Amino acid sequence: MKHLILLSIALLIGSSLIAQPETKVQTKPDQITVYTNAAEIHRQTKFTTIQGLQYIVFDSLSPNINANTIQVKGKGNFTILDTQFKTRYANPLNTAQSIPPKIQKAINQLEDSIRILNYDLRDYQNQLEVLRMEKNLLMNNQLVKGNGGDTIPELQQTMEFFRAKLIEINSATLKVEKEKYPLDKALISMNARLTDLKNYNLRHGNQTQKAIPQILVQISGTSKSAGILEISYLINNAGWYPEYDIRATDDEKTQLIYKAKIYQNTGIDWENTKLILSTANPLTQHYKPNLSVWWINYYNQQVQQTTRGRYKENRPSSAATLDMEAPAEMDEAGYALQYTQTNASMLNTEFEVNMEYSIPSDGQYHNLPIQNKELKSNYMYYTAPSMSTTAFLVANITDWGDIELLQGQANIYFNGRYNGQTQIYPQTTKDSMEIALGSSKRIIVERKQLSAETEEGLIGNYVTKTFTYEIKLKNNLSKAATIRVEDRIPHSNDKDIEVKLLSSDNASFNKDNSYLTWNIDLQANQSKTLKFSFSVKYDNSKGINI
């Protein structure tokens, strides 16, 4: 028996030294899952097995395949032994017809630029991961969960510290995302240009050595029979990002059209292929955080100054104005949305498009509508006159939780007319999401300071200054309007600076940030005046910024 086993091994080794039969198959992707920064290609082929070893060669693939992600499975009377990714060259290189030096220099420069840009993008991604980890550690801290101190002053000091840190982390995250966004777009453009340069000779009829990427699957068959092989792999230079159309009307109906802007520059056109769009990022590195020792010590508390209002993220980026009296347009273009099915898992959401699409390898963006939803909403106007006397029409959305929204740009259409753009930020724990639909010139807002009085203290260098402000509102619409007005008084983190709200005209006052909020209902052509005053007591021998 031992001799038979050795003989079998020897025969197997001997047969492997002989060139194994190759069966080349030409396939097209039958399903493509497009992620936010990559794509997974599925291919399938039918073939005939033979007795013994055999290579099934998937030919003419994309050069951007991530070899570590190749997966193979099959059906039939055979065993899958090995999988390889390699590149073969169709023709010997003809140096007389090589790429011109000018084009080659441009290719080298672009490749260097792409390499440096990838380093920068990796640095931004690392910064975002650190900020997310820091925020998670902060939110999971026992002080946040209610153990912030034994006394009210200690609790207030703890909450002020955590509030300042959260503002700092959120601001840093937004800054990194804003700086990373143009680099992502630049990388897409560079890769498209690089592919265009590398294809220079093909476009101009100069045939050079052509690289043909292949996946070789080695199998061992028991007899001649039918078989099926399926392969899948990840490729770079492809992805998608969201863009939205928000269609609103005077009767407070809000429609959200969810669109995917898909790009691919893989070198292979996607023709008549089933698409799945995923919100996942398969290239993310996942590291479980290791909890370290939490050391406590004294620190010099710094006042975190910010001019951001609570509704800054929902303000439109354009200066488009809103005409509330414009007649509604009843006819709208239709979308092929009824073919998309949404599948949610514990980690991500997939939009499965049950129809075939074709996307060329041109690096350009191709729009694909994937969802259409009527949103439950109520409208109001919002103004923060200490920052801007503009009144914004805001839609409060309450039923958006079942939509896998990603941060992205939204085009606003009001009564069928384009009305500018805004940003959607779904990363909120609130029950509702606020979307700015535009600004209105028919809500008039004025703010001015009426007085500023100074009173000298009897002891030491302390003085008290009293300020009074007036806000005037006028509704020039032909119907009633609800207006939320927000203002603020100084917020002190120093016990030597004492701020008191003296009068607020029935405003709601938030002690955590010293915000004043009025919800005003104004009838058509009605006006209203709001007044508030506050005092600041401080040491006049020290510098202070009011």
# chains A, B, ... in the order shown; residues from 1 in each chain; ligands from 1
call {"tool": "residues_around", "arguments": {"residues": "Gln26 (chain A)", "least_positions_apart": "2", "cutoff": "12 Å", "atoms": "only C-alpha atoms", "output": "list in words"}}
result
Thr23, Lys24, Lys28, Pro29, Arg43, Gln44, Thr45, Lys46, Phe47, Ile56, Val57, Phe58, Asp59, Ser60, Leu61, Gln214 and Ile215 of chain A
call {"tool": "residues_around", "arguments": {"residues": "Tyr263 (chain A)", "least_positions_apart": "2", "cutoff": "12 Å", "atoms": "only C-alpha atoms", "output": "PDB file with C-alpha atoms, in the first residue's frame"}}
result
ATOM      1  CA  VAL A  34     -20.424  48.805  -6.436  1.00  0.00           C
ATOM      2  CA  TYR A  35     -19.097  50.022  -3.083  1.00  0.00           C
ATOM      3  CA  THR A  36     -18.325  53.598  -2.135  1.00  0.00           C
ATOM      4  CA  ASN A  37     -14.696  53.258  -3.283  1.00  0.00           C
ATOM      5  CA  ALA A  38     -14.405  49.886  -5.056  1.00  0.00           C
ATOM      6  CA  ALA A  39     -16.430  47.313  -6.961  1.00  0.00           C
ATOM      7  CA  LYS A 185     -12.301  63.851  -6.728  1.00  0.00           C
ATOM      8  CA  ILE A 188     -10.606  59.957  -9.763  1.00  0.00           C
ATOM      9  CA  SER A 189      -9.641  62.579 -12.349  1.00  0.00           C
ATOM     10  CA  ASN A 191      -6.709  57.906 -12.687  1.00  0.00           C
ATOM     11  CA  ALA A 192      -8.921  58.709 -15.673  1.00  0.00           C
ATOM     12  CA  ASN A 236     -10.175  49.797  -7.602  1.00  0.00           C
ATOM     13  CA  ASN A 237     -10.944  52.890  -9.678  1.00  0.00           C
ATOM     14  CA  ALA A 238     -14.688  52.446  -9.236  1.00  0.00           C
ATOM     15  CA  GLY A 239     -17.311  53.528  -6.738  1.00  0.00           C
ATOM     16  CA  TRP A 240     -20.334  55.716  -6.127  1.00  0.00           C
ATOM     17  CA  TYR A 241     -21.518  58.541  -3.928  1.00  0.00           C
ATOM     18  CA  PRO A 242     -25.023  59.813  -3.178  1.00  0.00           C
ATOM     19  CA  ALA A 260     -26.268  57.223  -7.071  1.00  0.00           C
ATOM     20  CA  LYS A 261     -23.461  58.852  -9.049  1.00  0.00           C
ATOM     21  CA  ASN A 265     -12.247  53.613 -14.786  1.00  0.00           C
ATOM     22  CA  THR A 266     -11.266  49.938 -14.659  1.00  0.00           C
ATOM     23  CA  GLY A 267     -10.353  49.517 -18.321  1.00  0.00           C
ATOM     24  CA  ASP A 269     -16.789  48.534 -19.986  1.00  0.00           C
ATOM     25  CA  TRP A 270     -19.714  47.212 -17.946  1.00  0.00           C
ATOM     26  CA  LEU A 277     -25.012  49.435  -4.822  1.00  0.00           C
ATOM     27  CA  SER A 358     -24.247  49.667 -18.987  1.00  0.00           C
ATOM     28  CA  ILE A 359     -21.504  51.913 -17.610  1.00  0.00           C
ATOM     29  CA  PRO A 360     -18.449  52.616 -19.794  1.00  0.00           C
ATOM     30  CA  SER A 361     -14.930  52.774 -18.395  1.00  0.00           C
ATOM     31  CA  ASP A 362     -14.596  56.523 -18.886  1.00  0.00           C
ATOM     32  CA  GLY A 363     -14.139  57.896 -15.361  1.00  0.00           C
ATOM     33  CA  GLN A 364     -17.286  59.994 -15.787  1.00  0.00           C
ATOM     34  CA  TYR A 365     -20.218  60.085 -13.365  1.00  0.00           C
ATOM     35  CA  HIS A 366     -23.385  58.263 -14.408  1.00  0.00           C
ATOM     36  CA  ASN A 367     -26.632  58.953 -12.534  1.00  0.00           C
ATOM     37  CA  LEU A 368     -28.774  56.069 -11.346  1.00  0.00           C
TER      38      LEU A 368
END
call {"tool": "residues_around", "arguments": {"residues": "region 443-455 of chain A", "least_positions_apart": "4", "cutoff": "7 Å", "atoms": "only C-alpha atoms", "output": "MDAnalysis selection string"}}
result
chainID A and resid 385 389:391 463:476
call {"tool": "residues_around", "arguments": {"residues": "Ala524 (chain A)", "least_positions_apart": "4", "cutoff": "6 Å", "atoms": "only C-alpha atoms", "output": "VMD selection string"}}
result
chain A and resid 475 477 to 480
call {"tool": "closest_residue", "arguments": {"among": "A:Asn140, A:Gln409, A:Asn415, A:Thr383", "to": "Ser439 (chain A)", "atoms": "only C-alpha atoms"}}
result
A:Thr383
call {"tool": "closest_residue", "arguments": {"among": "A:Thr69, A:Ser508, A:Asn545, A:Asn136", "to": "Ile231 (chain A)", "atoms": "only C-alpha atoms"}}
result
A:Thr69
call {"tool": "residues_around", "arguments": {"residues": "Leu117 (chain A)", "least_positions_apart": "4", "cutoff": "9 Å", "atoms": "only C-alpha atoms", "output": "list in words"}}
result
Asp112, Ser113, Leu121, Arg122, Leu183, Asp184, Ala186 and Leu187 of chain A
call {"tool": "closest_residue", "arguments": {"among": "A:Ser232, A:Arg88, A:Asp512, A:Asp505", "to": "Phe162 (chain A)", "atoms": "only C-alpha atoms"}}
result
A:Asp512
call {"tool": "atom_distance", "arguments": {"atom1": "CA of Asn419 (chain A)", "atom2": "CA of Thr249 (chain A)"}}
result
11.8 Å
call {"tool": "atom_distance", "arguments": {"atom1": "CA of Ile546 (chain A)", "atom2": "CA of Tyr381 (chain A)"}}
result
28.5 Å
call {"tool": "decode", "arguments": {"residues": "region 247-261 of chain A", "atoms": "all heavy atoms", "output": "PDB file, in the first residue's frame"}}
result
ATOM      1  N   ARG A 247     -37.841  67.627  -3.619  1.00  0.00           N
ATOM      2  CA  ARG A 247     -38.928  68.340  -4.286  1.00  0.00           C
ATOM      3  C   ARG A 247     -39.988  68.680  -3.240  1.00  0.00           C
ATOM      4  O   ARG A 247     -40.597  67.781  -2.647  1.00  0.00           O
ATOM      5  CB  ARG A 247     -39.516  67.487  -5.421  1.00  0.00           C
ATOM      6  CG  ARG A 247     -38.489  67.187  -6.503  1.00  0.00           C
ATOM      7  CD  ARG A 247     -39.071  66.404  -7.663  1.00  0.00           C
ATOM      8  NE  ARG A 247     -38.068  66.199  -8.701  1.00  0.00           N
ATOM      9  CZ  ARG A 247     -37.787  67.058  -9.667  1.00  0.00           C
ATOM     10  NH1 ARG A 247     -38.467  68.202  -9.746  1.00  0.00           N
ATOM     11  NH2 ARG A 247     -36.851  66.802 -10.562  1.00  0.00           N
ATOM     12  N   ALA A 248     -40.166  69.969  -3.002  1.00  0.00           N
ATOM     13  CA  ALA A 248     -41.094  70.444  -1.993  1.00  0.00           C
ATOM     14  C   ALA A 248     -42.141  71.349  -2.636  1.00  0.00           C
ATOM     15  O   ALA A 248     -41.922  71.921  -3.703  1.00  0.00           O
ATOM     16  CB  ALA A 248     -40.349  71.207  -0.892  1.00  0.00           C
ATOM     17  N   THR A 249     -43.288  71.472  -1.960  1.00  0.00           N
ATOM     18  CA  THR A 249     -44.382  72.299  -2.464  1.00  0.00           C
ATOM     19  C   THR A 249     -44.966  73.126  -1.338  1.00  0.00           C
ATOM     20  O   THR A 249     -44.664  72.922  -0.156  1.00  0.00           O
ATOM     21  CB  THR A 249     -45.489  71.419  -3.077  1.00  0.00           C
ATOM     22  OG1 THR A 249     -45.984  70.520  -2.067  1.00  0.00           O
ATOM     23  CG2 THR A 249     -44.952  70.596  -4.244  1.00  0.00           C
ATOM     24  N   ASP A 250     -45.829  74.061  -1.707  1.00  0.00           N
ATOM     25  CA  ASP A 250     -46.472  74.939  -0.724  1.00  0.00           C
ATOM     26  C   ASP A 250     -47.324  74.173   0.284  1.00  0.00           C
ATOM     27  O   ASP A 250     -47.522  74.630   1.414  1.00  0.00           O
ATOM     28  CB  ASP A 250     -47.355  75.964  -1.438  1.00  0.00           C
ATOM     29  CG  ASP A 250     -46.540  77.156  -1.920  1.00  0.00           C
ATOM     30  OD1 ASP A 250     -45.490  77.431  -1.310  1.00  0.00           O
ATOM     31  OD2 ASP A 250     -46.928  77.792  -2.900  1.00  0.00           O
ATOM     32  N   ASP A 251     -47.872  73.029  -0.116  1.00  0.00           N
ATOM     33  CA  ASP A 251     -48.739  72.281   0.789  1.00  0.00           C
ATOM     34  C   ASP A 251     -47.955  71.343   1.697  1.00  0.00           C
ATOM     35  O   ASP A 251     -48.505  70.371   2.234  1.00  0.00           O
ATOM     36  CB  ASP A 251     -49.794  71.486   0.008  1.00  0.00           C
ATOM     37  CG  ASP A 251     -49.172  70.583  -1.033  1.00  0.00           C
ATOM     38  OD1 ASP A 251     -47.924  70.525  -1.116  1.00  0.00           O
ATOM     39  OD2 ASP A 251     -49.928  69.932  -1.772  1.00  0.00           O
ATOM     40  N   GLU A 252     -46.647  71.623   1.869  1.00  0.00           N
ATOM     41  CA  GLU A 252     -45.778  70.914   2.806  1.00  0.00           C
ATOM     42  C   GLU A 252     -45.613  69.439   2.457  1.00  0.00           C
ATOM     43  O   GLU A 252     -45.470  68.590   3.332  1.00  0.00           O
ATOM     44  CB  GLU A 252     -46.267  71.087   4.250  1.00  0.00           C
ATOM     45  CG  GLU A 252     -46.333  72.530   4.699  1.00  0.00           C
ATOM     46  CD  GLU A 252     -46.500  72.692   6.186  1.00  0.00           C
ATOM     47  OE1 GLU A 252     -46.416  71.679   6.908  1.00  0.00           O
ATOM     48  OE2 GLU A 252     -46.698  73.829   6.640  1.00  0.00           O
ATOM     49  N   LYS A 253     -45.615  69.131   1.168  1.00  0.00           N
ATOM     50  CA  LYS A 253     -45.276  67.793   0.718  1.00  0.00           C
ATOM     51  C   LYS A 253     -43.819  67.791   0.277  1.00  0.00           C
ATOM     52  O   LYS A 253     -43.404  68.635  -0.514  1.00  0.00           O
ATOM     53  CB  LYS A 253     -46.187  67.352  -0.430  1.00  0.00           C
ATOM     54  CG  LYS A 253     -47.623  67.088  -0.004  1.00  0.00           C
ATOM     55  CD  LYS A 253     -48.443  66.577  -1.175  1.00  0.00           C
ATOM     56  CE  LYS A 253     -49.880  66.269  -0.744  1.00  0.00           C
ATOM     57  NZ  LYS A 253     -50.694  65.770  -1.885  1.00  0.00           N
ATOM     58  N   THR A 254     -43.080  66.831   0.798  1.00  0.00           N
ATOM     59  CA  THR A 254     -41.652  66.754   0.501  1.00  0.00           C
ATOM     60  C   THR A 254     -41.338  65.389  -0.086  1.00  0.00           C
ATOM     61  O   THR A 254     -41.650  64.358   0.513  1.00  0.00           O
ATOM     62  CB  THR A 254     -40.813  66.966   1.775  1.00  0.00           C
ATOM     63  OG1 THR A 254     -41.195  68.195   2.397  1.00  0.00           O
ATOM     64  CG2 THR A 254     -39.337  67.016   1.436  1.00  0.00           C
ATOM     65  N   GLN A 255     -40.721  65.396  -1.239  1.00  0.00           N
ATOM     66  CA  GLN A 255     -40.343  64.162  -1.927  1.00  0.00           C
ATOM     67  C   GLN A 255     -38.827  64.123  -2.036  1.00  0.00           C
ATOM     68  O   GLN A 255     -38.183  65.097  -2.415  1.00  0.00           O
ATOM     69  CB  GLN A 255     -40.968  64.115  -3.326  1.00  0.00           C
ATOM     70  CG  GLN A 255     -40.604  62.879  -4.133  1.00  0.00           C
ATOM     71  CD  GLN A 255     -41.083  62.972  -5.579  1.00  0.00           C
ATOM     72  OE1 GLN A 255     -41.209  64.068  -6.120  1.00  0.00           O
ATOM     73  NE2 GLN A 255     -41.354  61.841  -6.187  1.00  0.00           N
ATOM     74  N   LEU A 256     -38.235  62.976  -1.688  1.00  0.00           N
ATOM     75  CA  LEU A 256     -36.798  62.807  -1.770  1.00  0.00           C
ATOM     76  C   LEU A 256     -36.470  61.741  -2.806  1.00  0.00           C
ATOM     77  O   LEU A 256     -36.955  60.609  -2.727  1.00  0.00           O
ATOM     78  CB  LEU A 256     -36.200  62.414  -0.418  1.00  0.00           C
ATOM     79  CG  LEU A 256     -34.662  62.290  -0.379  1.00  0.00           C
ATOM     80  CD1 LEU A 256     -34.117  62.866   0.919  1.00  0.00           C
ATOM     81  CD2 LEU A 256     -34.218  60.842  -0.505  1.00  0.00           C
ATOM     82  N   ILE A 257     -35.674  62.128  -3.799  1.00  0.00           N
ATOM     83  CA  ILE A 257     -35.202  61.187  -4.815  1.00  0.00           C
ATOM     84  C   ILE A 257     -33.725  60.918  -4.538  1.00  0.00           C
ATOM     85  O   ILE A 257     -32.899  61.829  -4.535  1.00  0.00           O
ATOM     86  CB  ILE A 257     -35.389  61.749  -6.236  1.00  0.00           C
ATOM     87  CG1 ILE A 257     -36.873  61.972  -6.512  1.00  0.00           C
ATOM     88  CG2 ILE A 257     -34.793  60.803  -7.276  1.00  0.00           C
ATOM     89  CD1 ILE A 257     -37.154  62.638  -7.839  1.00  0.00           C
ATOM     90  N   TYR A 258     -33.436  59.668  -4.250  1.00  0.00           N
ATOM     91  CA  TYR A 258     -32.094  59.213  -3.880  1.00  0.00           C
ATOM     92  C   TYR A 258     -31.397  58.742  -5.158  1.00  0.00           C
ATOM     93  O   TYR A 258     -31.845  57.814  -5.806  1.00  0.00           O
ATOM     94  CB  TYR A 258     -32.258  58.068  -2.889  1.00  0.00           C
ATOM     95  CG  TYR A 258     -31.034  57.678  -2.086  1.00  0.00           C
ATOM     96  CD1 TYR A 258     -31.180  57.058  -0.851  1.00  0.00           C
ATOM     97  CD2 TYR A 258     -29.746  57.884  -2.553  1.00  0.00           C
ATOM     98  CE1 TYR A 258     -30.088  56.670  -0.105  1.00  0.00           C
ATOM     99  CE2 TYR A 258     -28.652  57.510  -1.813  1.00  0.00           C
ATOM    100  CZ  TYR A 258     -28.819  56.885  -0.583  1.00  0.00           C
ATOM    101  OH  TYR A 258     -27.731  56.491   0.151  1.00  0.00           O
ATOM    102  N   LYS A 259     -30.278  59.386  -5.511  1.00  0.00           N
ATOM    103  CA  LYS A 259     -29.559  59.040  -6.730  1.00  0.00           C
ATOM    104  C   LYS A 259     -28.139  58.592  -6.394  1.00  0.00           C
ATOM    105  O   LYS A 259     -27.532  59.081  -5.436  1.00  0.00           O
ATOM    106  CB  LYS A 259     -29.500  60.235  -7.685  1.00  0.00           C
ATOM    107  CG  LYS A 259     -30.861  60.739  -8.150  1.00  0.00           C
ATOM    108  CD  LYS A 259     -30.713  61.848  -9.164  1.00  0.00           C
ATOM    109  CE  LYS A 259     -30.041  63.061  -8.578  1.00  0.00           C
ATOM    110  NZ  LYS A 259     -29.972  64.190  -9.539  1.00  0.00           N
ATOM    111  N   ALA A 260     -27.661  57.662  -7.189  1.00  0.00           N
ATOM    112  CA  ALA A 260     -26.268  57.223  -7.071  1.00  0.00           C
ATOM    113  C   ALA A 260     -25.490  57.755  -8.262  1.00  0.00           C
ATOM    114  O   ALA A 260     -25.906  57.595  -9.405  1.00  0.00           O
ATOM    115  CB  ALA A 260     -26.194  55.701  -7.028  1.00  0.00           C
ATOM    116  N   LYS A 261     -24.362  58.392  -7.988  1.00  0.00           N
ATOM    117  CA  LYS A 261     -23.461  58.852  -9.049  1.00  0.00           C
ATOM    118  C   LYS A 261     -22.318  57.831  -9.114  1.00  0.00           C
ATOM    119  O   LYS A 261     -21.442  57.807  -8.252  1.00  0.00           O
ATOM    120  CB  LYS A 261     -22.960  60.257  -8.761  1.00  0.00           C
ATOM    121  CG  LYS A 261     -24.092  61.293  -8.726  1.00  0.00           C
ATOM    122  CD  LYS A 261     -23.553  62.701  -8.570  1.00  0.00           C
ATOM    123  CE  LYS A 261     -22.969  63.255  -9.845  1.00  0.00           C
ATOM    124  NZ  LYS A 261     -23.962  63.508 -10.877  1.00  0.00           N
TER     125      LYS A 261
END
